[in-house]
Amino acid sequence: MRRIRQLFLLCLSALGCILCGCEPEQRFAWSPDGERALVRWEHQVHLVNGNGEVLSNLPDSDGDPGELMVTGFDWFPEGDDIVVSRLRVVKTWEEARPLLPINEAEVVEAMADHLPELVRVTVAIRGSEIIDLEDLISLLEPKRGERALAALALAWTRESDAIVGALAGVTEVLEDLKSIDEEEESGFLIHELVTVALSGDRSAFAERSVLSRSLRGFQNPRCSPDGSFIAVGRTNQGREVIDLEVVERERGKFHPVVESITAAYDWAPDGRSLVFLSPVMEEEKGKLMQLERLPAPGAESGTAEPQRLAMTFVPFAPRVEVLASGEVLFAGQPLTLPYRGEEPRRAPRLFTVPLEGGDLREVPTEAGSLPMDLGYFVPSPDGKRIAVVESQTDALAVIDLETGDSKLVSSPHRNWKCRTLPAWRNDAELTYAALEEKTMGIGWMRWEKGGAPRSLSKGWPAEATARWLHFDEPPTD
Amino acid sequence: MKNEQLESLLIDQAFGELPEEVSALLDAYLAQHPEQAGEVNVILDAVSVSEKAVIDHPELVATSASRDENELDQTPAVTVEGARIFSLLFSPRFGAAMVAVLLAGVGGFLAGKAEDSEQSDEPESLVEEAASFRESESESPWARYRLGEDGQLAVVPAFNSKS
């Protein structure tokens, strides 16, 4: 894993934040009928049944070079197939090149041939703006950067001395590159979007089909309600915004939807539109956001302007969920300007707005029942309740969206922090990561109203759930 | 013009409550009566002090936005009001009462105990609401945060948890 961590110094992908485990993330997802679940242990996906018994593992290698790391997944509506976003870590350019689209490979090689001069000119003109490797990449290839990153990695393997000379004076970038070189850690990250079929009895992973490979990242794949499309975020190097695209499941053809939005998006229940949050101003983690809706490709002919549903201030991870009723659920921090830094008088709230637009409705929760870090909530399939966690404690609560009533399902434990989004098995059963009271080990727990939580991860190796919660070592005196 | 009338007009002008033409007439009057400059400065200084007090302690003040917070159906996720800064900060009645008290020589920080008891209900209810929110948070399982001036959340150490 140290090797992978070192590679991230070079890849600088927006996915790095997801994979570093800094916040709650998706680690399991139930099939629509609740009989099977995909569970991610570290970066490998396992198929389990309703009792938590492991049925099959998705291999971390295949016939092509490189190690595979899963970053996201979703079920198709029929429950027999899944879509997976993953990284392929390839050691050499000679191994990576044949796997890449020809246009990407050619651009990388052309840039690498001239990279020392490009770097020298960039440093000469804008050296004062270069603090780290990420800054250099964003100047070499504004907005995206993944090809410049690969070109730098390729040029480094061919003529590192020329690169060092071009970076004279840019100490931190040089140190990053040299440390990777000393550890022999250089490599290339290829992002893949793959569909995987299950066996007839749904007890094993079966054939895999690569929809796309690219140097540019895929994140958060979400299947359309009818399963014919997959919405996926395309990452932009060094920027927090993504470009939303939709890919046809059968043909693998990509359609752009909208650029420079947050990672928060969801399908409408009829699959004819997508709802998303986009920053009003992108610069430096813009917190003022617009909730918008656009037709999905193929739903309407011609281009369309986004329909604005609401504006909201989001000083935490943005999140959007379209409920089964067609209401759009999102969170926002009520704010009156001007203000000074302090604990705000009103805590963040959950709101709904009709998909077609209309009045906002605030979920009537009591003070203190929602976290301020209100970016991690998951609705039940019927859209009547949500499970909510936060990044700074391991508490979990269930909220009734109609009444605002809250139920603390998992109490917080000192110094423990949640790193796992909960997932509903069905309208009544919730699964989540928690400390098991008897063993104080991290377990995959199952809860339903009126019942006692029980573990689904008995017999799993400890490392399977080791990163599902995070323990903050208290400072030593 | 009597001092009381001048005070009232200056306060209204400071709050942006004065119609444009009246404001222009007031400016013209002040230009023609420089002997009242001293009194004008005292009034404007007091308005500035009360503005700072309300900025520092917004829980003291019932604003139109916060009153609307009780009308949940009409509450937008973000309330951003216009360039009339005083209308963001002051209930005209309470703000005027604060300035009046300051003009009477009671300076410094006011802990929400306005002399006008008719107007004390709004700030006290807001203080109570803020206090109950804090009390609820002391029983809340969630972490506490500050919302910085840069819009970032920063954790406030200490939360209610099992050891």
# chains A, B, ... in the order shown; residues from 1 in each chain; ligands from 1

$ residues_around --residues "A:Gly127" --least-positions-apart "3" --cutoff "12 Å" --atoms "only C-alpha atoms" --output "PyMOL selection string"
chain A and resi 119-124+130-133+135-136+139-140+166-171+173

$ write_last_selection --atoms "all heavy atoms" --output "compact mmCIF listing (two decimals), in the first residue's frame"
# COMPACT_ATOMS: atom_id res chain seq x y z
N VAL A 119 8.53 22.49 -19.37
CA VAL A 119 8.68 22.77 -17.95
C VAL A 119 9.57 23.99 -17.75
O VAL A 119 9.29 24.86 -16.93
CB VAL A 119 9.28 21.54 -17.21
CG1 VAL A 119 9.66 21.89 -15.79
CG2 VAL A 119 8.28 20.39 -17.22
N ARG A 120 10.64 24.07 -18.54
CA ARG A 120 11.57 25.21 -18.39
C ARG A 120 10.84 26.52 -18.67
O ARG A 120 10.98 27.50 -17.94
CB ARG A 120 12.76 25.04 -19.34
CG ARG A 120 13.87 26.08 -19.14
CD ARG A 120 15.11 25.77 -19.96
NE ARG A 120 15.76 24.53 -19.53
CZ ARG A 120 15.76 23.40 -20.22
NH1 ARG A 120 15.17 23.33 -21.42
NH2 ARG A 120 16.37 22.32 -19.77
N VAL A 121 10.06 26.56 -19.74
CA VAL A 121 9.34 27.79 -20.09
C VAL A 121 8.29 28.11 -19.02
O VAL A 121 8.13 29.26 -18.61
CB VAL A 121 8.67 27.64 -21.47
CG1 VAL A 121 7.70 28.77 -21.73
CG2 VAL A 121 9.73 27.58 -22.56
N THR A 122 7.59 27.07 -18.55
CA THR A 122 6.55 27.29 -17.53
C THR A 122 7.16 27.84 -16.25
O THR A 122 6.63 28.77 -15.64
CB THR A 122 5.81 25.97 -17.23
OG1 THR A 122 5.24 25.49 -18.45
CG2 THR A 122 4.71 26.18 -16.21
N VAL A 123 8.29 27.27 -15.85
CA VAL A 123 8.95 27.74 -14.62
C VAL A 123 9.44 29.17 -14.81
O VAL A 123 9.33 30.01 -13.91
CB VAL A 123 10.11 26.81 -14.24
CG1 VAL A 123 10.96 27.42 -13.14
CG2 VAL A 123 9.58 25.45 -13.81
N ALA A 124 9.95 29.45 -16.01
CA ALA A 124 10.49 30.80 -16.26
C ALA A 124 9.38 31.86 -16.19
O ALA A 124 9.57 32.94 -15.66
CB ALA A 124 11.17 30.85 -17.63
N ILE A 130 4.29 28.12 -8.72
CA ILE A 130 4.48 26.68 -8.57
C ILE A 130 4.99 26.39 -7.17
O ILE A 130 6.14 26.67 -6.85
CB ILE A 130 5.46 26.13 -9.62
CG1 ILE A 130 4.97 26.47 -11.03
CG2 ILE A 130 5.63 24.63 -9.46
CD1 ILE A 130 5.97 26.12 -12.11
N ILE A 131 4.12 25.83 -6.36
CA ILE A 131 4.51 25.45 -5.01
C ILE A 131 4.75 23.95 -4.94
O ILE A 131 5.64 23.49 -4.24
CB ILE A 131 3.44 25.87 -3.99
CG1 ILE A 131 3.28 27.39 -4.03
CG2 ILE A 131 3.77 25.38 -2.59
CD1 ILE A 131 2.18 27.91 -3.16
N ASP A 132 3.94 23.20 -5.67
CA ASP A 132 4.08 21.74 -5.63
C ASP A 132 3.80 21.16 -7.00
O ASP A 132 3.54 21.90 -7.97
CB ASP A 132 3.16 21.14 -4.56
CG ASP A 132 1.71 21.53 -4.77
OD1 ASP A 132 1.33 21.90 -5.90
OD2 ASP A 132 0.94 21.49 -3.79
N LEU A 133 3.85 19.84 -7.06
CA LEU A 133 3.69 19.15 -8.34
C LEU A 133 2.32 19.43 -8.95
O LEU A 133 2.18 19.56 -10.17
CB LEU A 133 3.88 17.65 -8.10
CG LEU A 133 4.05 16.75 -9.33
CD1 LEU A 133 5.14 17.25 -10.24
CD2 LEU A 133 4.33 15.32 -8.88
N ASP A 135 0.57 22.13 -8.81
CA ASP A 135 0.58 23.44 -9.47
C ASP A 135 1.22 23.33 -10.84
O ASP A 135 0.74 23.92 -11.82
CB ASP A 135 1.35 24.46 -8.63
CG ASP A 135 0.67 24.76 -7.31
OD1 ASP A 135 -0.57 24.65 -7.24
OD2 ASP A 135 1.39 25.09 -6.35
N LEU A 136 2.33 22.60 -10.92
CA LEU A 136 3.03 22.46 -12.20
C LEU A 136 2.12 21.78 -13.22
O LEU A 136 2.01 22.22 -14.37
CB LEU A 136 4.31 21.64 -12.01
CG LEU A 136 5.09 21.32 -13.30
CD1 LEU A 136 5.57 22.60 -13.98
CD2 LEU A 136 6.27 20.40 -13.00
N LEU A 139 -0.56 23.99 -14.62
CA LEU A 139 -0.07 24.98 -15.57
C LEU A 139 0.27 24.34 -16.91
O LEU A 139 0.07 24.95 -17.96
CB LEU A 139 1.18 25.68 -15.01
CG LEU A 139 0.93 26.64 -13.84
CD1 LEU A 139 2.24 27.13 -13.25
CD2 LEU A 139 0.08 27.83 -14.29
N LEU A 140 0.76 23.12 -16.88
CA LEU A 140 1.09 22.44 -18.13
C LEU A 140 -0.16 22.07 -18.91
O LEU A 140 -0.18 22.12 -20.13
CB LEU A 140 1.91 21.17 -17.84
CG LEU A 140 3.35 21.40 -17.36
CD1 LEU A 140 3.98 20.07 -16.96
CD2 LEU A 140 4.19 22.07 -18.46
N ALA A 166 15.33 21.57 -15.73
CA ALA A 166 14.22 22.48 -16.02
C ALA A 166 13.53 22.95 -14.74
O ALA A 166 12.93 24.03 -14.71
CB ALA A 166 13.21 21.80 -16.94
N LEU A 167 13.61 22.12 -13.70
CA LEU A 167 12.93 22.46 -12.44
C LEU A 167 13.86 23.12 -11.44
O LEU A 167 13.54 23.19 -10.26
CB LEU A 167 12.34 21.19 -11.82
CG LEU A 167 11.07 20.65 -12.48
CD1 LEU A 167 10.73 19.27 -11.93
CD2 LEU A 167 9.89 21.59 -12.28
N ALA A 168 15.00 23.59 -11.90
CA ALA A 168 15.95 24.22 -10.99
C ALA A 168 15.28 25.35 -10.21
O ALA A 168 14.65 26.24 -10.79
CB ALA A 168 17.13 24.77 -11.78
N GLY A 169 15.36 25.24 -8.91
CA GLY A 169 14.77 26.28 -8.08
C GLY A 169 13.38 25.94 -7.57
O GLY A 169 12.90 26.54 -6.62
N VAL A 170 12.74 24.97 -8.21
CA VAL A 170 11.39 24.58 -7.75
C VAL A 170 11.57 23.36 -6.84
O VAL A 170 11.35 22.22 -7.25
CB VAL A 170 10.46 24.27 -8.93
CG1 VAL A 170 9.03 24.15 -8.45
CG2 VAL A 170 10.57 25.35 -9.99
N THR A 171 11.99 23.64 -5.64
CA THR A 171 12.51 22.61 -4.74
C THR A 171 11.50 21.51 -4.43
O THR A 171 11.82 20.33 -4.49
CB THR A 171 12.98 23.26 -3.43
OG1 THR A 171 13.74 24.41 -3.72
CG2 THR A 171 13.79 22.28 -2.61
N VAL A 173 8.83 20.40 -5.94
CA VAL A 173 8.50 19.51 -7.05
C VAL A 173 9.64 18.54 -7.28
O VAL A 173 9.44 17.34 -7.47
CB VAL A 173 8.19 20.33 -8.32
CG1 VAL A 173 7.95 19.41 -9.50
CG2 VAL A 173 7.00 21.22 -8.10

$ select_by_dssp --residues "stretch 197-412 of chain A" --states "strand (DSSP E)" --output "PyMOL selection string"
chain A and resi 197-198+205-214+218-223+229-235+242-248+254-261+265-267+273-279+288-295+307-313+320-322+327-332+349-354+361-362+376-379+385-389+396-400+406-410

$ closest_residue --among "B:Ala143, B:Ala154, B:Ala31, B:Leu10" --to "chain A" --atoms "only C-alpha atoms"
B:Ala143

$ atom_distance --atom1 "atom CA of A:Asp394" --atom2 "atom CA of A:Trp416"
5.7 Å

$ atom_distance --atom1 "atom CA of A:Ile125" --atom2 "atom CA of A:Ile163"
16.4 Å

$ closest_residue --among "A:Arg446, A:Arg308, A:Lys287, A:Arg454" --to "chain B" --atoms "only C-alpha atoms"
A:Lys287

$ closest_atom_pairs --of "chain A" --to "chain B" --cutoff "8 Å" --atoms "only C-alpha atoms" --output "JSON lines"
{"residue": "A:Lys287", "atom": "CA", "partner": "B:Gly151", "partner_atom": "CA", "distance": 6.8}
{"residue": "A:Ala310", "atom": "CA", "partner": "B:Ala77", "partner_atom": "CA", "distance": 7.9}
{"residue": "A:Met311", "atom": "CA", "partner": "B:Ala77", "partner_atom": "CA", "distance": 6.9}
{"residue": "A:Thr312", "atom": "CA", "partner": "B:Ala77", "partner_atom": "CA", "distance": 5.3}
{"residue": "A:Phe313", "atom": "CA", "partner": "B:Val78", "partner_atom": "CA", "distance": 6.4}
{"residue": "A:Pro315", "atom": "CA", "partner": "B:Gln152", "partner_atom": "CA", "distance": 5.6}
{"residue": "A:Phe316", "atom": "CA", "partner": "B:Leu153", "partner_atom": "CA", "distance": 7.0}
{"residue": "A:Gly332", "atom": "CA", "partner": "B:Ala77", "partner_atom": "CA", "distance": 5.9}
{"residue": "A:Gln333", "atom": "CA", "partner": "B:Ala77", "partner_atom": "CA", "distance": 6.7}
{"residue": "A:Pro334", "atom": "CA", "partner": "B:Val78", "partner_atom": "CA", "distance": 5.2}
{"residue": "A:Leu335", "atom": "CA", "partner": "B:Val78", "partner_atom": "CA", "distance": 5.4}
{"residue": "A:Thr336", "atom": "CA", "partner": "B:Thr79", "partner_atom": "CA", "distance": 5.3}
{"residue": "A:Leu337", "atom": "CA", "partner": "B:Val80", "partner_atom": "CA", "distance": 5.8}
{"residue": "A:Pro338", "atom": "CA", "partner": "B:Leu88", "partner_atom": "CA", "distance": 7.7}
{"residue": "A:Tyr339", "atom": "CA", "partner": "B:Ile55", "partner_atom": "CA", "distance": 7.3}
{"residue": "A:Arg340", "atom": "CA", "partner": "B:Glu149", "partner_atom": "CA", "distance": 5.6}
{"residue": "A:Gly341", "atom": "CA", "partner": "B:Gly148", "partner_atom": "CA", "distance": 4.1}
{"residue": "A:Glu342", "atom": "CA", "partner": "B:Arg146", "partner_atom": "CA", "distance": 5.1}
{"residue": "A:Glu343", "atom": "CA", "partner": "B:Arg146", "partner_atom": "CA", "distance": 4.4}
{"residue": "A:Pro344", "atom": "CA", "partner": "B:Leu147", "partner_atom": "CA", "distance": 6.4}
{"residue": "A:Arg345", "atom": "CA", "partner": "B:Ala130", "partner_atom": "CA", "distance": 6.1}
{"residue": "A:Phe351", "atom": "CA", "partner": "B:Ala77", "partner_atom": "CA", "distance": 7.7}
{"residue": "A:Asp359", "atom": "CA", "partner": "B:Asp73", "partner_atom": "CA", "distance": 7.3}
{"residue": "A:Leu360", "atom": "CA", "partner": "B:Asp73", "partner_atom": "CA", "distance": 6.6}
{"residue": "A:Arg361", "atom": "CA", "partner": "B:Asp73", "partner_atom": "CA", "distance": 5.6}
{"residue": "A:Glu362", "atom": "CA", "partner": "B:Leu72", "partner_atom": "CA", "distance": 6.3}
{"residue": "A:Ala367", "atom": "CA", "partner": "B:Phe133", "partner_atom": "CA", "distance": 5.6}
{"residue": "A:Gly368", "atom": "CA", "partner": "B:Glu137", "partner_atom": "CA", "distance": 4.9}
{"residue": "A:Ser369", "atom": "CA", "partner": "B:Ser140", "partner_atom": "CA", "distance": 6.7}
{"residue": "A:Leu370", "atom": "CA", "partner": "B:Trp142", "partner_atom": "CA", "distance": 7.4}
{"residue": "A:Pro371", "atom": "CA", "partner": "B:Trp142", "partner_atom": "CA", "distance": 5.3}
{"residue": "A:Met372", "atom": "CA", "partner": "B:Tyr145", "partner_atom": "CA", "distance": 6.8}
{"residue": "A:Asp373", "atom": "CA", "partner": "B:Leu153", "partner_atom": "CA", "distance": 7.9}
{"residue": "A:Glu390", "atom": "CA", "partner": "B:Trp142", "partner_atom": "CA", "distance": 7.7}
{"residue": "A:Gln392", "atom": "CA", "partner": "B:Ala143", "partner_atom": "CA", "distance": 6.1}
{"residue": "A:Thr393", "atom": "CA", "partner": "B:Ala143", "partner_atom": "CA", "distance": 6.4}
{"residue": "A:Ala395", "atom": "CA", "partner": "B:Pro141", "partner_atom": "CA", "distance": 6.4}
{"residue": "A:Ser411", "atom": "CA", "partner": "B:Pro141", "partner_atom": "CA", "distance": 6.8}
{"residue": "A:Pro412", "atom": "CA", "partner": "B:Ser161", "partner_atom": "CA", "distance": 5.0}
{"residue": "A:His413", "atom": "CA", "partner": "B:Lys162", "partner_atom": "CA", "distance": 4.9}
{"residue": "A:Arg414", "atom": "CA", "partner": "B:Ser163", "partner_atom": "CA", "distance": 5.2}

$ closest_residue --among "B:Asn41, B:Ser8, B:Asn3, B:Gln13" --to "B:Asp27" --atoms "only C-alpha atoms"
B:Gln13

$ residues_around --residues "stretch 46-61 of chain A" --least-positions-apart "5" --cutoff "6 Å" --atoms "only C-alpha atoms" --output "compact mmCIF listing (two decimals) with C-alpha atoms, in the first residue's frame"
# COMPACT_ATOMS: atom_id res chain seq x y z
CA GLU A 35 -30.44 -10.55 -1.41
CA ARG A 36 -26.90 -9.72 -2.43
CA ALA A 37 -24.43 -7.00 -1.54
CA LEU A 38 -21.19 -5.70 -2.97
CA VAL A 39 -18.70 -5.05 -0.20
CA GLU A 67 -2.92 -4.29 -10.27
CA LEU A 68 -6.61 -3.40 -10.08
CA SER A 203 -23.15 -16.66 -6.34
CA ALA A 204 -20.13 -15.46 -8.27
CA LEU A 456 -23.09 -9.35 9.42
CA SER A 457 -19.29 -9.54 9.41

$ atom_distance --atom1 "atom CA of A:Arg86" --atom2 "atom CA of A:Pro422"
21.2 Å
